[in-house]
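Coordinates from upload.cif are shown below (mmCIF, C-alpha atoms).
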data_coords
#
loop_
_atom_site.label_atom_id
_atom_site.label_comp_id
_atom_site.auth_asym_id
_atom_site.auth_seq_id
_atom_site.Cartn_x
_atom_site.Cartn_y
_atom_site.Cartn_z
CA MET H 331 -41.02 52.31 60.90
CA ILE H 332 -41.18 56.07 60.27
CA VAL H 333 -44.30 57.40 58.59
CA ARG H 334 -44.02 60.64 56.57
CA VAL H 335 -47.20 62.37 55.38
CA ARG H 336 -47.33 64.85 52.46
CA PHE H 337 -50.40 67.06 52.16
CA VAL H 338 -51.20 68.68 48.82
CA VAL H 339 -53.92 71.32 48.62
CA GLY H 340 -56.91 70.05 46.74
CA CYS H 341 -55.58 66.51 46.56
CA ALA H 342 -55.93 63.35 48.57
CA CYS H 343 -53.36 62.67 51.26
CA THR H 344 -50.35 60.58 50.22
CA VAL H 345 -48.66 58.48 52.90
CA LEU H 346 -45.00 57.59 52.38
CA THR H 347 -43.51 54.86 54.56
CA VAL H 348 -39.75 54.47 54.96
CA GLN H 349 -38.23 51.41 56.63
CA VAL H 350 -35.52 52.42 59.09
CA VAL H 351 -32.81 50.06 60.37
CA GLN H 352 -33.07 49.92 64.15
CA ALA H 353 -30.59 49.42 66.95
CA ALA H 354 -31.50 46.93 69.68
CA ASP H 355 -32.23 48.62 73.00
CA CYS H 356 -33.47 47.62 76.43
CA SER H 357 -35.26 49.36 79.26
CA SER H 358 -33.69 47.05 81.86
CA THR H 359 -29.96 46.49 82.21
CA TYR H 360 -29.84 42.69 82.34
CA ASP H 361 -33.37 41.69 81.32
CA CYS H 362 -33.86 42.61 77.69
CA THR H 363 -36.63 42.12 75.16
CA VAL H 364 -35.60 43.10 71.64
CA ASP H 365 -38.68 44.24 69.74
CA ALA H 366 -39.63 43.04 66.26
CA GLY H 367 -37.70 44.88 63.57
CA SER H 368 -34.57 44.73 61.44
CA TYR H 369 -31.14 45.07 63.04
CA THR H 370 -27.68 45.28 61.49
CA SER H 371 -25.63 45.50 64.70
CA PRO H 372 -25.14 42.60 67.12
CA TYR H 373 -26.72 42.68 70.55
CA GLY H 374 -24.88 41.61 73.70
CA LEU H 375 -25.10 41.94 77.48
CA ASP H 376 -22.13 41.41 79.79
CA SER H 377 -22.06 41.45 83.58
CA THR H 378 -18.98 41.09 85.80
CA GLY H 379 -19.10 40.99 89.59
CA THR H 380 -17.08 43.47 91.60
CA ASN H 381 -13.52 42.44 92.39
CA GLY H 382 -12.69 41.50 95.96
CA SER H 383 -10.11 42.95 98.32
CA GLN H 384 -8.32 41.82 101.49
CA ASP H 385 -11.43 42.91 103.40
CA ASP H 386 -14.25 42.02 100.99
CA ASN H 387 -15.29 38.98 99.00
CA PRO H 388 -15.81 39.42 95.26
CA GLY H 389 -19.26 39.90 93.78
CA SER H 390 -21.22 37.59 91.52
CA GLY H 391 -22.16 38.36 87.95
CA SER H 392 -25.81 39.25 87.37
CA SER H 393 -28.32 36.88 85.85
CA ILE H 394 -29.02 37.84 82.23
CA THR H 395 -32.19 37.29 80.21
CA ILE H 396 -32.50 38.15 76.51
CA THR H 397 -35.67 37.61 74.47
CA ASN H 398 -35.26 38.50 70.82
CA ASN H 399 -38.19 39.10 68.47
CA GLY H 400 -36.19 40.90 65.79
CA THR H 401 -34.34 39.91 62.64
CA PHE H 402 -30.58 40.39 62.67
CA SER H 403 -28.38 40.68 59.59
CA VAL H 404 -24.86 41.39 60.87
CA ASN H 405 -21.61 41.90 58.96
CA ALA H 406 -19.23 41.15 61.82
CA GLY H 407 -16.79 43.86 62.83
CA SER H 408 -15.60 44.20 66.42
CA GLN H 409 -17.91 41.41 67.70
CA GLY H 410 -18.30 37.97 66.19
CA TYR H 411 -21.89 37.19 67.22
CA ALA H 412 -25.50 38.13 66.57
CA LEU H 413 -26.79 37.59 70.15
CA HIS H 414 -24.51 37.31 73.17
CA ALA H 415 -24.75 37.12 76.97
CA GLN H 416 -21.91 36.60 79.43
CA SER H 417 -21.95 36.73 83.23
CA SER H 418 -18.62 36.47 85.06
CA GLY H 419 -17.69 36.44 88.74
CA GLY H 420 -15.42 39.07 90.26
CA GLN H 421 -11.78 38.36 91.01
CA PRO H 422 -10.93 37.33 94.62
CA VAL H 423 -7.93 38.23 96.76
CA ASP H 424 -5.88 35.78 98.88
CA GLU H 425 -7.96 32.87 100.22
CA SER H 426 -11.39 34.17 99.14
CA THR H 427 -13.58 32.10 96.81
CA GLY H 428 -13.88 33.38 93.27
CA GLY H 429 -17.04 35.25 92.34
CA ALA H 430 -19.83 33.24 90.72
CA GLY H 431 -21.15 33.66 87.21
CA GLY H 432 -24.86 34.38 86.92
CA ALA H 433 -27.57 32.39 85.15
CA ILE H 434 -28.06 32.99 81.41
CA SER H 435 -31.34 32.69 79.50
CA ILE H 436 -31.64 33.50 75.79
CA THR H 437 -34.83 33.03 73.80
CA ASN H 438 -34.52 33.80 70.10
CA ASN H 439 -37.63 34.11 67.94
CA GLY H 440 -36.10 35.90 64.94
CA GLY H 441 -33.85 35.04 62.05
CA LEU H 442 -30.11 35.59 62.54
CA THR H 443 -27.71 36.08 59.62
CA LEU H 444 -24.03 36.60 60.34
CA SER H 445 -21.23 37.15 57.80
CA GLN H 446 -17.46 37.41 58.34
CA GLY H 447 -16.85 41.10 57.66
CA THR H 448 -13.58 42.28 59.24
CA TYR H 449 -13.83 40.11 62.34
CA GLY H 450 -10.69 37.99 62.76
CA SER H 451 -12.02 34.89 64.48
CA GLU H 452 -14.89 32.39 64.35
CA LEU H 453 -18.48 33.60 64.19
CA ILE H 454 -21.25 32.53 66.58
CA GLY H 455 -24.97 33.04 66.01
CA ILE H 456 -26.08 32.76 69.66
CA ASP H 457 -23.34 32.97 72.29
CA ALA H 458 -24.11 32.23 75.99
CA TRP H 459 -21.45 32.14 78.74
CA SER H 460 -21.46 31.87 82.52
CA VAL H 461 -17.97 31.90 84.06
CA GLY H 462 -16.86 31.56 87.67
CA ALA H 463 -13.70 33.49 88.55
CA ASP H 464 -10.39 31.77 89.23
CA ALA H 465 -9.16 31.99 92.81
CA ASP H 466 -6.02 33.96 93.66
CA ARG H 467 -2.83 32.32 92.38
CA ASP H 468 -0.68 34.62 94.53
CA ASN H 469 -2.16 34.24 98.01
CA GLN H 470 -0.36 36.70 100.31
CA ASN H 471 -2.25 35.90 103.52
CA ASN H 472 0.31 34.00 105.58
CA GLY H 473 -0.76 30.52 106.62
CA SER H 474 -4.08 30.51 104.74
CA PRO H 475 -5.49 27.83 102.41
CA GLY H 476 -6.06 28.47 98.73
CA GLY H 477 -9.41 29.90 97.77
CA ASP H 478 -11.91 27.86 95.77
CA GLY H 479 -12.80 28.71 92.20
CA GLY H 480 -16.12 30.44 91.59
CA ALA H 481 -19.19 28.51 90.44
CA SER H 482 -20.93 29.27 87.17
CA GLY H 483 -24.64 29.71 86.66
CA ASN H 484 -27.03 27.59 84.61
CA ILE H 485 -27.55 28.32 80.90
CA ILE H 486 -30.80 27.99 78.95
CA VAL H 487 -31.09 28.72 75.22
CA ASN H 488 -34.34 28.31 73.28
CA ASN H 489 -34.13 29.02 69.55
CA SER H 490 -36.98 29.21 67.03
CA GLY H 491 -35.33 31.49 64.45
CA ALA H 492 -33.29 30.32 61.47
CA ILE H 493 -29.53 30.88 61.90
CA ASN H 494 -27.32 31.44 58.84
CA VAL H 495 -23.58 31.87 59.33
CA GLY H 496 -21.37 32.61 56.34
CA PRO H 497 -21.31 31.86 53.49
CA SER H 498 -17.54 32.31 53.45
CA LEU H 499 -15.96 31.79 56.87
CA SER H 500 -12.19 32.10 57.02
CA HIS H 501 -12.13 31.16 60.73
CA GLY H 502 -15.08 28.78 61.04
CA GLY H 503 -18.15 29.22 63.17
CA ILE H 504 -20.80 27.92 65.56
CA GLY H 505 -24.58 28.24 65.27
CA ILE H 506 -25.38 28.12 69.01
CA TYR H 507 -22.75 28.02 71.75
CA GLY H 508 -23.20 27.56 75.50
CA LEU H 509 -20.35 27.53 78.07
CA ALA H 510 -20.67 26.97 81.82
CA GLN H 511 -17.18 27.24 83.29
CA GLY H 512 -16.14 26.86 86.93
CA GLY H 513 -13.11 28.83 88.13
CA ASP H 514 -9.78 27.25 89.07
CA GLY H 515 -8.67 26.84 92.69
CA GLY H 516 -6.08 29.17 94.20
CA GLU H 517 -2.73 28.79 95.87
CA GLY H 518 -2.32 27.92 99.54
CA ASN H 519 0.09 30.07 101.55
CA THR H 520 2.61 28.02 103.52
CA ASP H 521 4.62 30.80 105.14
CA PHE H 522 5.70 30.12 108.74
CA GLY H 523 5.43 26.37 108.09
CA VAL H 524 1.65 26.31 108.32
CA ASN H 525 0.25 23.30 106.48
CA GLN H 526 -2.42 24.60 104.05
CA PRO H 527 -3.86 22.97 100.91
CA GLY H 528 -4.62 24.58 97.59
CA GLY H 529 -8.16 25.51 96.63
CA ASP H 530 -10.73 23.38 94.83
CA GLY H 531 -12.20 24.05 91.41
CA GLY H 532 -15.58 25.75 91.08
CA THR H 533 -18.75 23.87 90.15
CA PRO H 534 -20.16 24.62 86.68
CA GLY H 535 -23.83 25.09 85.91
CA THR H 536 -26.12 22.95 83.80
CA ILE H 537 -26.79 23.72 80.14
CA SER H 538 -30.05 23.23 78.25
CA ILE H 539 -30.27 24.12 74.54
CA THR H 540 -33.46 23.55 72.54
CA ASN H 541 -33.36 24.29 68.82
CA GLY H 542 -36.43 24.42 66.60
CA ALA H 543 -35.14 26.19 63.47
CA ASP H 544 -32.64 25.42 60.73
CA ILE H 545 -28.97 26.20 61.27
CA THR H 546 -26.88 26.69 58.11
CA MET H 547 -23.17 27.39 57.78
CA GLY H 548 -21.63 28.09 54.38
CA THR H 549 -23.22 27.04 51.10
CA SER H 550 -22.53 24.28 48.59
CA SER H 551 -20.94 26.84 46.24
CA THR H 552 -19.12 28.79 49.00
CA PRO H 553 -18.19 26.30 51.72
CA ILE H 554 -16.33 27.04 54.92
CA SER H 555 -12.61 26.85 54.21
CA SER H 556 -10.75 23.65 55.01
CA GLY H 557 -8.93 23.91 58.34
CA SER H 558 -11.79 25.74 60.07
CA ARG H 559 -14.11 24.09 62.55
CA ALA H 560 -17.86 24.07 62.00
CA TRP H 561 -20.25 23.25 64.83
CA GLY H 562 -24.01 23.52 64.57
CA ILE H 563 -24.70 23.41 68.32
CA ARG H 564 -21.93 23.28 70.91
CA ALA H 565 -22.38 23.06 74.70
CA GLU H 566 -19.74 22.46 77.38
CA SER H 567 -20.01 22.38 81.16
CA ASN H 568 -16.51 22.37 82.64
CA GLY H 569 -15.59 22.06 86.29
CA GLY H 570 -12.77 24.28 87.48
CA GLY H 571 -9.35 22.77 88.05
CA GLY H 572 -7.87 22.39 91.54
CA ASP H 573 -4.82 24.41 92.52
CA PRO H 574 -2.22 22.92 90.14
CA ASP H 575 0.86 23.94 92.12
CA PRO H 576 1.20 22.57 95.69
CA ASN H 577 4.30 24.71 96.32
CA THR H 578 6.78 21.90 95.86
CA GLY H 579 9.28 21.78 98.71
CA ASP H 580 7.06 23.66 101.16
CA ASN H 581 4.86 22.14 103.83
CA ASP H 582 1.82 22.08 101.55
CA PRO H 583 -0.11 18.80 101.64
CA ALA H 584 -1.61 18.84 98.17
CA GLY H 585 -3.14 20.82 95.37
CA GLY H 586 -6.88 21.34 95.33
CA HIS H 587 -9.45 19.01 93.79
CA GLY H 588 -10.95 19.60 90.38
CA ALA H 589 -14.73 19.87 90.05
CA ALA H 590 -16.87 17.61 87.86
CA GLY H 591 -18.80 18.90 84.87
CA ASN H 592 -22.55 19.25 85.09
CA THR H 593 -25.53 18.06 83.04
CA VAL H 594 -25.72 19.14 79.39
CA THR H 595 -28.97 18.66 77.45
CA ILE H 596 -29.35 19.46 73.74
CA THR H 597 -32.67 18.96 71.94
CA ASN H 598 -32.60 19.56 68.20
CA ASN H 599 -35.76 19.48 66.11
CA ALA H 600 -34.53 21.08 62.88
CA ALA H 601 -31.99 20.68 60.08
CA ILE H 602 -28.33 21.51 60.67
CA SER H 603 -26.49 22.00 57.37
CA LEU H 604 -22.71 22.50 57.50
CA HIS H 605 -20.99 23.07 54.15
CA VAL H 606 -17.25 22.59 54.63
CA ALA H 607 -14.38 22.16 52.17
CA GLY H 608 -12.39 19.10 53.23
CA ASN H 609 -12.73 17.62 56.70
CA GLY H 610 -12.56 20.74 58.85
CA SER H 611 -9.88 21.44 61.40
CA THR H 612 -8.19 19.23 63.94
CA SER H 613 -9.37 21.67 66.65
CA GLY H 614 -12.97 20.50 66.52
CA GLY H 615 -13.68 19.41 62.97
CA VAL H 616 -17.25 19.31 61.67
CA LYS H 617 -19.98 18.47 64.19
CA GLY H 618 -23.71 19.03 63.94
CA VAL H 619 -24.32 18.63 67.68
CA TYR H 620 -21.40 18.60 70.14
CA ALA H 621 -21.80 18.32 73.91
CA SER H 622 -19.21 17.74 76.62
CA SER H 623 -19.01 17.77 80.40
#
As structure tokens, how would this structure be written, given the file I've shared?
Amino acid sequence: MIVRVRFVVGCACTVLTVQVVQAADCSSTYDCTVDAGSYTSPYGLDSTGTNGSQDDNPGSGSSITITNNGTFSVNAGSQGYALHAQSSGGQPVDESTGGAGGAISITNNGGLTLSQGTYGSELIGIDAWSVGADADRDNQNNGSPGGDGGASGNIIVNNSGAINVGPSLSHGGIGIYGLAQGGDGGEGNTDFGVNQPGGDGGTPGTISITNGADITMGTSSTPISSGSRAWGIRAESNGGGGDPDPNTGDNDPAGGHGAAGNTVTITNNAAISLHVAGNGSTSGGVKGVYASS
């Protein structure tokens, strides 16, 4: 809020207040509190670990914390979200393990409104990702096993602000999305006849989403177009795949082992209203709450 004061000689002081649209800002790189206010641009934090080399292991993505106390009204342009956090591990070289994704925590206390604008894909109100890096699929270190995929961090989302996505969504949308993804295992190097296996998939983190405010997508008069998916809350914890290619014909005993998914917990205490023309798409359809591991 900017306050402008006009003084007139011989008269009482008149105070003019002008509401100014703010831009979200933070004093700390990966630990952000968005102050109360009105925002028209999305807010996101991304962290990627340093890439590895033949001498150094890759770095992990930083943990990210976002606490939002503002109100967002976003006409999507280059980003398709209102709030976003993603932490990704750095890329490994040869037999090194992929870098780990960091933990994600998003607490939203303000209303989020997101419309399609010029953005060419689905819209997401709150978007939280932790991704472990894939191991090297072109291991050049002779006689070394494949590296393991990187682990992902845990994800926590607590929402107490109403989320409105739409009304017209040409590509569908998601109210709250959480992804914990382990990296895939890397290739074993069998040069010189050394028997080396492929790498194992990375372990994903847990996901906990608690929603206490209404989520609305589309309206009864302007529903989401048929053929587009509509998910109120979506959470997936996916283990990384093992090395899929055991170098057929070489002296490689086997590909790596895939990792299991982790625990996903969704607690919803509010209405989820999805207005969709037809039955939605075959790539997800219409789901109020959708969890997988």
Given the point (-3.2, 19.7, 90.0) in the coordinates of this file, which residues lie within 7 Å, counting only C-alpha atoms, and how would they look as a list of chain:residue names?
H:Gly572, H:Asp573, H:Pro574, H:Asp575, H:Gly585, H:Gly586
Keeping C-alpha atoms for every residue in the selection just given, could you write it to a file as an mmCIF file, in the coordinates of the input?
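Generated file (out_10.cif):
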data_model
loop_
_atom_site.group_PDB
_atom_site.id
_atom_site.type_symbol
_atom_site.label_atom_id
_atom_site.label_comp_id
_atom_site.auth_asym_id
_atom_site.auth_seq_id
_atom_site.Cartn_x
_atom_site.Cartn_y
_atom_site.Cartn_z
ATOM 1 C CA GLY H 572 -7.870 22.390 91.540
ATOM 2 C CA ASP H 573 -4.820 24.410 92.520
ATOM 3 C CA PRO H 574 -2.220 22.920 90.140
ATOM 4 C CA ASP H 575 0.860 23.940 92.120
ATOM 5 C CA GLY H 585 -3.140 20.820 95.370
ATOM 6 C CA GLY H 586 -6.880 21.340 95.330
#
Close residues, Ser460 in chain H itself excluded, 7 Å, only C-alpha atoms, min 2 positions apart in chain, as number ranges by chain
H: 416-418, 431-434, 462, 482-483, 509-511
Quick one: residues within 10 Å of range 440-453 of chain H, all atoms listed in the file, excluding same-chain residues fewer than 5 positions away - as JSON, numbers by chain?
{"H": [364, 365, 366, 367, 368, 369, 370, 372, 397, 398, 399, 400, 401, 402, 403, 404, 405, 406, 407, 408, 409, 410, 411, 412, 413, 489, 490, 491, 492, 493, 494, 495, 496, 497, 498, 499, 500, 501, 502, 503, 504, 505, 543, 544, 545, 546, 547, 548, 558, 559, 560]}
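Of the residues listed (H:Ala481, H:Ala607, H:Val487, H:Leu375), H:Ala481 shows the shortest atom-to-atom separation from Ala463 in chain H; distances use only C-alpha atoms.
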Around the point (-31.8, 22.4, 71.0) in the file's coordinates, collect all residues with an atom within 6 Å, using all atoms listed in the file, and return them as a PyMOL selection string.
chain H and resi 539-541+596-598
Who sits within 8 Å of Gly476 in chain H, all atoms listed in the file, same chain under 2 positions skipped, as a PyMOL selection string
chain H and resi 424-426+465-466+469+474+478+515-519+526-530+573+586
Tell me, in Å to one decimal, how far CA of Val616 in chain H is from CA of Asn568 in chain H.
21.2 Å
From the list H:Thr549, H:Asn488, H:Gln421, H:Thr536, the nearest residue to Trp459 in chain H using all atoms listed in the file is H:Thr536
Measure the distance from CA of Ile486 in chain H to CA of Gly389 in chain H in Å and round it to one decimal.
22.2 Å
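What the PyMOL selection byres ((chain H and resi 590) around 6) picks from this file is Gly569, Ala589 and Gly591 of chain H.
Nearest to Ile537 in chain H of all the residues H:Ile554, H:Ala600, H:Ile394, H:Ala621 is H:Ala621, counting all atoms listed in the file.
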